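> Encoded as structure tokens, here's the structure I'll be asking about.
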Amino acid sequence: MRTVTRWIADRFVMISAILVLLYLFLPVAYTFAFSFNDYKKSNIVWNSSKPPTLKHWADPCGAQGVCEALGVSLRIGALSTLVATILGTMIAFALVRHRFRGKAAANTLVFVPMATPEIVLGASLLTIFVQGFRGAVELGFWTVFIAHVMFCLSFVVVTVRARLQSMDARMEEAAQDLYAGPAGTFWRVTLPLVMPGIVGAALLSFSLSFDDFIITNFVSGDESTFPKYVYVSYLRGIPAQANVIGFSMFLIAVLLVVAAQVIGSRRKA
């Protein structure tokens, strides 16, 4: 008994980590498994009367509207990420490198969209679009885009600002000692050093935009994004094609993270 207790105590951290990982990846395993389910009407329950099938992977757009919704999510995610990353990076530089009136308030207000519940943000944005503009703004693609830029912006600012604050100022001072002007120092020294933070902020922004449902459901009108499509499909049975696309997106994200780690380790070497 003491031997077993000691063995568990020595490996407690490893066992806990494995259990946590199993807990986190259980929904992913479910998504992967049910992408092979040869179901009839609903993909919620496994059809044990038929063997697993690859037909959903062969035709991921087989379910009506799934690829159209995916395309909308990808376009909104790409556009909102681009705009939020550019604006958020400029705001982060302003907060870290410059002094101006209201800087303390700006530092505090950056966290407001992150701390506000999404259902409150969604309801507030819906009120602004419908009541504030007196019906001049039609709910759809562009209202979703505006909403996603708004809540992604805070995450970009916080991420890039953390990278800027951790930078060694002596690198820029060395460039100036070597007669580099402000523009040359920025493009050749500052921006490359900040770029990992900017890329990380962009990936986080895209993930948040692609995954959002609550705010999107308030301001999307008749426009359907992939999360909204999955939610609506749940009421009548999620098609296996949605599982195929969902697991594929997860796999792409994992490959990007692994590639970033490999590139980072090679640069350090």
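Scheme for the structure tokens: letters A, B, ... for chains in order shown; per-chain residue numbers from 1; ligand numbers from 1 in order shown.
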Skipping near chain neighbours, those fewer than 4 positions away, what residues fall within 12 Å of Phe151 in chain A using only C-alpha atoms, listed as an NGL selection string?
:A and (80-81 or 83-85 or 88 or 110-118 or 121-122 or 125 or 144-147 or 155-158 or 204-206 or 208-209 or 212 or 215-216)
> Give me, as a compact mmCIF listing (two decimals) with C-alpha atoms, in the first residue's frame, the residues of range 53-228 of chain A that a backbone DSSP run labels alpha helix (DSSP H).

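This went into part.txt:
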```txt
# COMPACT_ATOMS: atom_id res chain seq x y z
CA LYS A 55 -18.60 9.58 -47.09
CA HIS A 56 -18.80 12.72 -44.92
CA TRP A 57 -15.06 13.31 -45.31
CA ALA A 58 -15.33 12.75 -49.06
CA VAL A 66 -22.58 24.23 -44.11
CA CYS A 67 -19.85 25.44 -46.49
CA GLU A 68 -21.64 28.73 -47.09
CA ALA A 69 -21.68 29.35 -43.34
CA LEU A 70 -18.01 28.33 -43.11
CA GLY A 71 -17.13 30.80 -45.87
CA VAL A 72 -18.90 33.62 -44.03
CA SER A 73 -17.01 32.81 -40.82
CA LEU A 74 -13.67 32.70 -42.63
CA ARG A 75 -14.27 36.02 -44.40
CA ILE A 76 -15.42 37.78 -41.24
CA GLY A 77 -12.56 36.24 -39.27
CA ALA A 78 -9.95 37.31 -41.81
CA LEU A 79 -11.26 40.87 -42.19
CA SER A 80 -11.86 41.49 -38.48
CA THR A 81 -8.44 40.02 -37.63
CA LEU A 82 -6.72 42.29 -40.16
CA VAL A 83 -8.43 45.46 -38.95
CA ALA A 84 -8.22 44.60 -35.24
CA THR A 85 -4.54 43.68 -35.51
CA ILE A 86 -3.60 46.93 -37.27
CA LEU A 87 -5.63 49.16 -34.95
CA GLY A 88 -4.69 47.19 -31.82
CA THR A 89 -0.99 47.33 -32.64
CA MET A 90 -1.10 51.10 -33.12
CA ILE A 91 -3.00 51.53 -29.85
CA ALA A 92 -0.48 49.32 -28.03
CA PHE A 93 2.44 51.41 -29.34
CA ALA A 94 0.63 54.59 -28.27
CA LEU A 95 0.00 53.28 -24.76
CA VAL A 96 3.56 52.02 -24.25
CA ARG A 97 5.70 54.54 -26.11
CA LYS A 103 -3.61 57.54 -21.03
CA ALA A 104 -4.56 56.03 -17.65
CA ALA A 105 -8.23 55.98 -18.64
CA ALA A 106 -7.37 54.39 -21.99
CA ASN A 107 -5.36 51.66 -20.24
CA THR A 108 -8.41 50.88 -18.12
CA LEU A 109 -10.99 51.09 -20.90
CA VAL A 112 -13.85 46.76 -20.59
CA PRO A 113 -14.84 44.63 -23.64
CA MET A 114 -12.85 41.71 -22.20
CA ALA A 115 -14.57 41.93 -18.81
CA GLU A 118 -20.81 38.67 -24.21
CA ILE A 119 -24.58 38.61 -23.87
CA VAL A 120 -24.47 42.20 -22.57
CA LEU A 121 -22.20 43.29 -25.44
CA GLY A 122 -24.44 41.57 -27.96
CA ALA A 123 -27.61 43.18 -26.63
CA SER A 124 -25.93 46.60 -26.47
CA LEU A 125 -24.63 46.37 -30.03
CA LEU A 126 -28.04 45.25 -31.28
CA THR A 127 -29.60 48.30 -29.62
CA PHE A 141 -22.23 40.59 -42.61
CA TRP A 142 -20.96 44.09 -41.84
CA THR A 143 -22.61 44.41 -38.44
CA VAL A 144 -21.00 41.11 -37.44
CA PHE A 145 -17.68 42.40 -38.76
CA ILE A 146 -17.94 45.62 -36.72
CA ALA A 147 -18.86 43.66 -33.58
CA HIS A 148 -15.94 41.24 -34.00
CA VAL A 149 -13.43 44.05 -34.52
CA MET A 150 -14.70 45.65 -31.32
CA PHE A 151 -14.14 42.68 -29.01
CA CYS A 152 -11.00 41.40 -30.78
CA LEU A 153 -9.35 44.82 -30.48
CA SER A 154 -8.87 44.55 -26.71
CA PHE A 155 -7.13 41.17 -26.96
CA VAL A 156 -4.77 42.48 -29.63
CA VAL A 157 -3.88 45.56 -27.56
CA VAL A 158 -3.17 43.53 -24.42
CA THR A 159 -1.06 40.94 -26.28
CA VAL A 160 1.04 43.40 -28.28
CA ARG A 161 1.46 45.72 -25.30
CA ALA A 162 2.83 42.85 -23.21
CA ARG A 163 5.37 42.13 -25.95
CA LEU A 164 6.40 45.79 -26.16
CA GLN A 165 6.85 46.08 -22.41
CA ALA A 169 15.21 49.00 -25.02
CA ARG A 170 18.97 48.64 -25.51
CA MET A 171 18.36 46.99 -28.90
CA GLU A 172 16.80 50.17 -30.26
CA GLU A 173 19.45 52.31 -28.57
CA ALA A 174 22.16 50.24 -30.25
CA ALA A 175 20.51 50.79 -33.64
CA GLN A 176 20.44 54.54 -33.04
CA ASP A 177 24.11 54.47 -32.01
CA PRO A 182 13.63 56.48 -36.45
CA ALA A 183 12.12 54.77 -39.50
CA GLY A 184 15.08 52.42 -39.96
CA THR A 185 15.07 51.50 -36.27
CA LEU A 191 8.93 45.60 -35.69
CA PRO A 192 10.82 42.26 -36.00
CA LEU A 193 11.08 42.07 -32.21
CA VAL A 194 7.38 42.82 -31.75
CA MET A 195 6.26 40.60 -34.64
CA PRO A 196 5.82 37.39 -32.56
CA GLY A 197 3.40 39.28 -30.32
CA ILE A 198 1.54 40.68 -33.34
CA VAL A 199 1.26 37.24 -34.95
CA GLY A 200 0.08 35.72 -31.69
CA ALA A 201 -2.50 38.49 -31.29
CA ALA A 202 -3.72 37.94 -34.86
CA LEU A 203 -4.12 34.19 -34.32
CA LEU A 204 -5.99 34.80 -31.07
CA SER A 205 -8.19 37.39 -32.77
CA PHE A 206 -9.06 35.03 -35.63
CA SER A 207 -9.84 32.22 -33.20
CA LEU A 208 -12.15 34.44 -31.15
CA SER A 209 -13.91 35.74 -34.25
CA PHE A 210 -14.37 32.32 -35.87
CA ASP A 211 -15.62 30.76 -32.63
CA ILE A 214 -23.35 34.86 -28.60
CA ILE A 215 -22.55 38.33 -29.98
CA THR A 216 -22.90 37.11 -33.55
CA ASN A 217 -26.36 35.73 -32.86
CA PHE A 218 -27.52 39.18 -31.72
CA VAL A 219 -26.19 41.22 -34.66
CA PHE A 226 -20.45 28.43 -38.84
CA PRO A 227 -21.11 28.50 -35.05
CA LYS A 228 -24.62 29.81 -35.69
```
> Using only C-alpha atoms, which residues sit within 12 Å of Ser248 in chain A once same-chain residues fewer than 4 positions away are excluded, as an mmCIF file with N, CA and C atoms, in the first residue's frame?

```
data_model
loop_
_atom_site.group_PDB
_atom_site.id
_atom_site.type_symbol
_atom_site.label_atom_id
_atom_site.label_comp_id
_atom_site.auth_asym_id
_atom_site.auth_seq_id
_atom_site.Cartn_x
_atom_site.Cartn_y
_atom_site.Cartn_z
ATOM 1 N N VAL A 28 -13.214 16.965 -28.485
ATOM 2 C CA VAL A 28 -12.565 16.850 -29.796
ATOM 3 C C VAL A 28 -12.645 15.414 -30.296
ATOM 4 N N THR A 31 -16.074 14.834 -31.555
ATOM 5 C CA THR A 31 -16.254 15.446 -32.873
ATOM 6 C C THR A 31 -15.639 14.573 -33.966
ATOM 7 N N PHE A 32 -14.429 14.074 -33.710
ATOM 8 C CA PHE A 32 -13.751 13.231 -34.697
ATOM 9 C C PHE A 32 -14.512 11.927 -34.917
ATOM 10 N N SER A 35 -17.770 12.210 -36.891
ATOM 11 C CA SER A 35 -17.643 12.571 -38.308
ATOM 12 C C SER A 35 -17.712 11.329 -39.201
ATOM 13 N N TRP A 57 -16.373 12.720 -45.025
ATOM 14 C CA TRP A 57 -15.056 13.311 -45.305
ATOM 15 C C TRP A 57 -14.856 13.494 -46.803
ATOM 16 N N PRO A 60 -17.457 17.097 -47.604
ATOM 17 C CA PRO A 60 -17.741 17.910 -46.413
ATOM 18 C C PRO A 60 -18.798 18.983 -46.646
ATOM 19 N N LEU A 70 -19.461 28.357 -43.352
ATOM 20 C CA LEU A 70 -18.015 28.334 -43.111
ATOM 21 C C LEU A 70 -17.330 29.475 -43.854
ATOM 22 N N GLN A 241 -21.039 16.496 -41.501
ATOM 23 C CA GLN A 241 -20.138 17.402 -42.212
ATOM 24 C C GLN A 241 -19.650 18.525 -41.302
ATOM 25 N N ALA A 242 -20.491 18.953 -40.366
ATOM 26 C CA ALA A 242 -20.066 19.972 -39.407
ATOM 27 C C ALA A 242 -18.966 19.431 -38.501
ATOM 28 N N ASN A 243 -19.049 18.150 -38.141
ATOM 29 C CA ASN A 243 -17.981 17.521 -37.366
ATOM 30 C C ASN A 243 -16.696 17.442 -38.172
ATOM 31 N N VAL A 244 -16.813 17.157 -39.447
ATOM 32 C CA VAL A 244 -15.632 17.092 -40.317
ATOM 33 C C VAL A 244 -14.937 18.443 -40.376
ATOM 34 N N ILE A 252 -5.865 22.011 -38.195
ATOM 35 C CA ILE A 252 -5.084 23.102 -38.789
ATOM 36 C C ILE A 252 -4.476 23.978 -37.707
ATOM 37 N N ALA A 253 -5.247 24.282 -36.671
ATOM 38 C CA ALA A 253 -4.737 25.105 -35.560
ATOM 39 C C ALA A 253 -3.569 24.418 -34.861
ATOM 40 N N VAL A 254 -3.687 23.116 -34.631
ATOM 41 C CA VAL A 254 -2.596 22.370 -33.986
ATOM 42 C C VAL A 254 -1.344 22.382 -34.853
ATOM 43 N N LEU A 255 -1.511 22.188 -36.156
ATOM 44 C CA LEU A 255 -0.361 22.196 -37.068
ATOM 45 C C LEU A 255 0.314 23.566 -37.092
#
```
> Leaving out range 37-41 of chain A and any residue of its chain fewer than 4 positions from it, which residues lie within 9 Å of it when counting only C-alpha atoms, given as a PyMOL selection string?
chain A and resi 33+45-56+236-237+239-240
> Keeping only N, CA and C atoms, write the selected residues to a file as a PDB file, in the first residue's frame.

```
ATOM      1  N   ALA A  33     -14.937  11.279 -33.833  1.00  0.00           N
ATOM      2  CA  ALA A  33     -15.616   9.988 -33.956  1.00  0.00           C
ATOM      3  C   ALA A  33     -16.931  10.122 -34.715  1.00  0.00           C
ATOM      4  N   VAL A  45     -26.743  10.670 -31.750  1.00  0.00           N
ATOM      5  CA  VAL A  45     -26.596   9.307 -31.233  1.00  0.00           C
ATOM      6  C   VAL A  45     -25.903   8.459 -32.284  1.00  0.00           C
ATOM      7  N   TRP A  46     -24.963   7.616 -31.830  1.00  0.00           N
ATOM      8  CA  TRP A  46     -24.206   6.761 -32.758  1.00  0.00           C
ATOM      9  C   TRP A  46     -25.120   5.677 -33.327  1.00  0.00           C
ATOM     10  N   ASN A  47     -25.055   5.494 -34.646  1.00  0.00           N
ATOM     11  CA  ASN A  47     -25.845   4.472 -35.323  1.00  0.00           C
ATOM     12  C   ASN A  47     -25.067   3.159 -35.320  1.00  0.00           C
ATOM     13  N   SER A  48     -25.368   2.310 -34.352  1.00  0.00           N
ATOM     14  CA  SER A  48     -24.638   1.045 -34.213  1.00  0.00           C
ATOM     15  C   SER A  48     -25.039   0.003 -35.241  1.00  0.00           C
ATOM     16  N   SER A  49     -26.116   0.257 -35.977  1.00  0.00           N
ATOM     17  CA  SER A  49     -26.560  -0.725 -36.965  1.00  0.00           C
ATOM     18  C   SER A  49     -25.749  -0.670 -38.252  1.00  0.00           C
ATOM     19  N   LYS A  50     -24.963   0.405 -38.437  1.00  0.00           N
ATOM     20  CA  LYS A  50     -24.144   0.540 -39.633  1.00  0.00           C
ATOM     21  C   LYS A  50     -22.699   0.820 -39.250  1.00  0.00           C
ATOM     22  N   PRO A  51     -21.740   0.347 -40.049  1.00  0.00           N
ATOM     23  CA  PRO A  51     -20.326   0.590 -39.741  1.00  0.00           C
ATOM     24  C   PRO A  51     -19.943   2.046 -40.022  1.00  0.00           C
ATOM     25  N   PRO A  52     -18.812   2.516 -39.465  1.00  0.00           N
ATOM     26  CA  PRO A  52     -18.345   3.879 -39.763  1.00  0.00           C
ATOM     27  C   PRO A  52     -18.151   4.092 -41.256  1.00  0.00           C
ATOM     28  N   THR A  53     -18.337   5.317 -41.697  1.00  0.00           N
ATOM     29  CA  THR A  53     -18.244   5.631 -43.124  1.00  0.00           C
ATOM     30  C   THR A  53     -17.341   6.833 -43.351  1.00  0.00           C
ATOM     31  N   LEU A  54     -16.755   6.892 -44.538  1.00  0.00           N
ATOM     32  CA  LEU A  54     -15.896   8.010 -44.938  1.00  0.00           C
ATOM     33  C   LEU A  54     -16.609   8.979 -45.880  1.00  0.00           C
ATOM     34  N   LYS A  55     -17.897   8.766 -46.104  1.00  0.00           N
ATOM     35  CA  LYS A  55     -18.605   9.585 -47.095  1.00  0.00           C
ATOM     36  C   LYS A  55     -18.705  11.048 -46.669  1.00  0.00           C
ATOM     37  N   HIS A  56     -18.729  11.322 -45.372  1.00  0.00           N
ATOM     38  CA  HIS A  56     -18.802  12.716 -44.922  1.00  0.00           C
ATOM     39  C   HIS A  56     -17.476  13.436 -45.152  1.00  0.00           C
ATOM     40  N   ARG A 236     -32.280  20.283 -34.973  1.00  0.00           N
ATOM     41  CA  ARG A 236     -32.817  19.219 -35.821  1.00  0.00           C
ATOM     42  C   ARG A 236     -31.809  18.100 -36.072  1.00  0.00           C
ATOM     43  N   GLY A 237     -30.627  18.204 -35.443  1.00  0.00           N
ATOM     44  CA  GLY A 237     -29.607  17.163 -35.590  1.00  0.00           C
ATOM     45  C   GLY A 237     -28.406  17.672 -36.362  1.00  0.00           C
ATOM     46  N   PRO A 239     -25.355  17.815 -38.642  1.00  0.00           N
ATOM     47  CA  PRO A 239     -24.842  16.935 -39.703  1.00  0.00           C
ATOM     48  C   PRO A 239     -23.379  16.571 -39.464  1.00  0.00           C
ATOM     49  N   ALA A 240     -22.989  15.396 -39.917  1.00  0.00           N
ATOM     50  CA  ALA A 240     -21.616  14.935 -39.707  1.00  0.00           C
ATOM     51  C   ALA A 240     -20.615  15.817 -40.436  1.00  0.00           C
TER      52      ALA A 240
END
```
> Calculate how many Å separate CA of Thr190 in chain A from CA of Asp168 in chain A, rounding to one decimal.
9.9 Å
> If you measure from CA of Val232 in chain A to CA of Val130 in chain A, what distance in Å do you get, rounded to one decimal?
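Between these atoms lies a distance of 23.3 Å.
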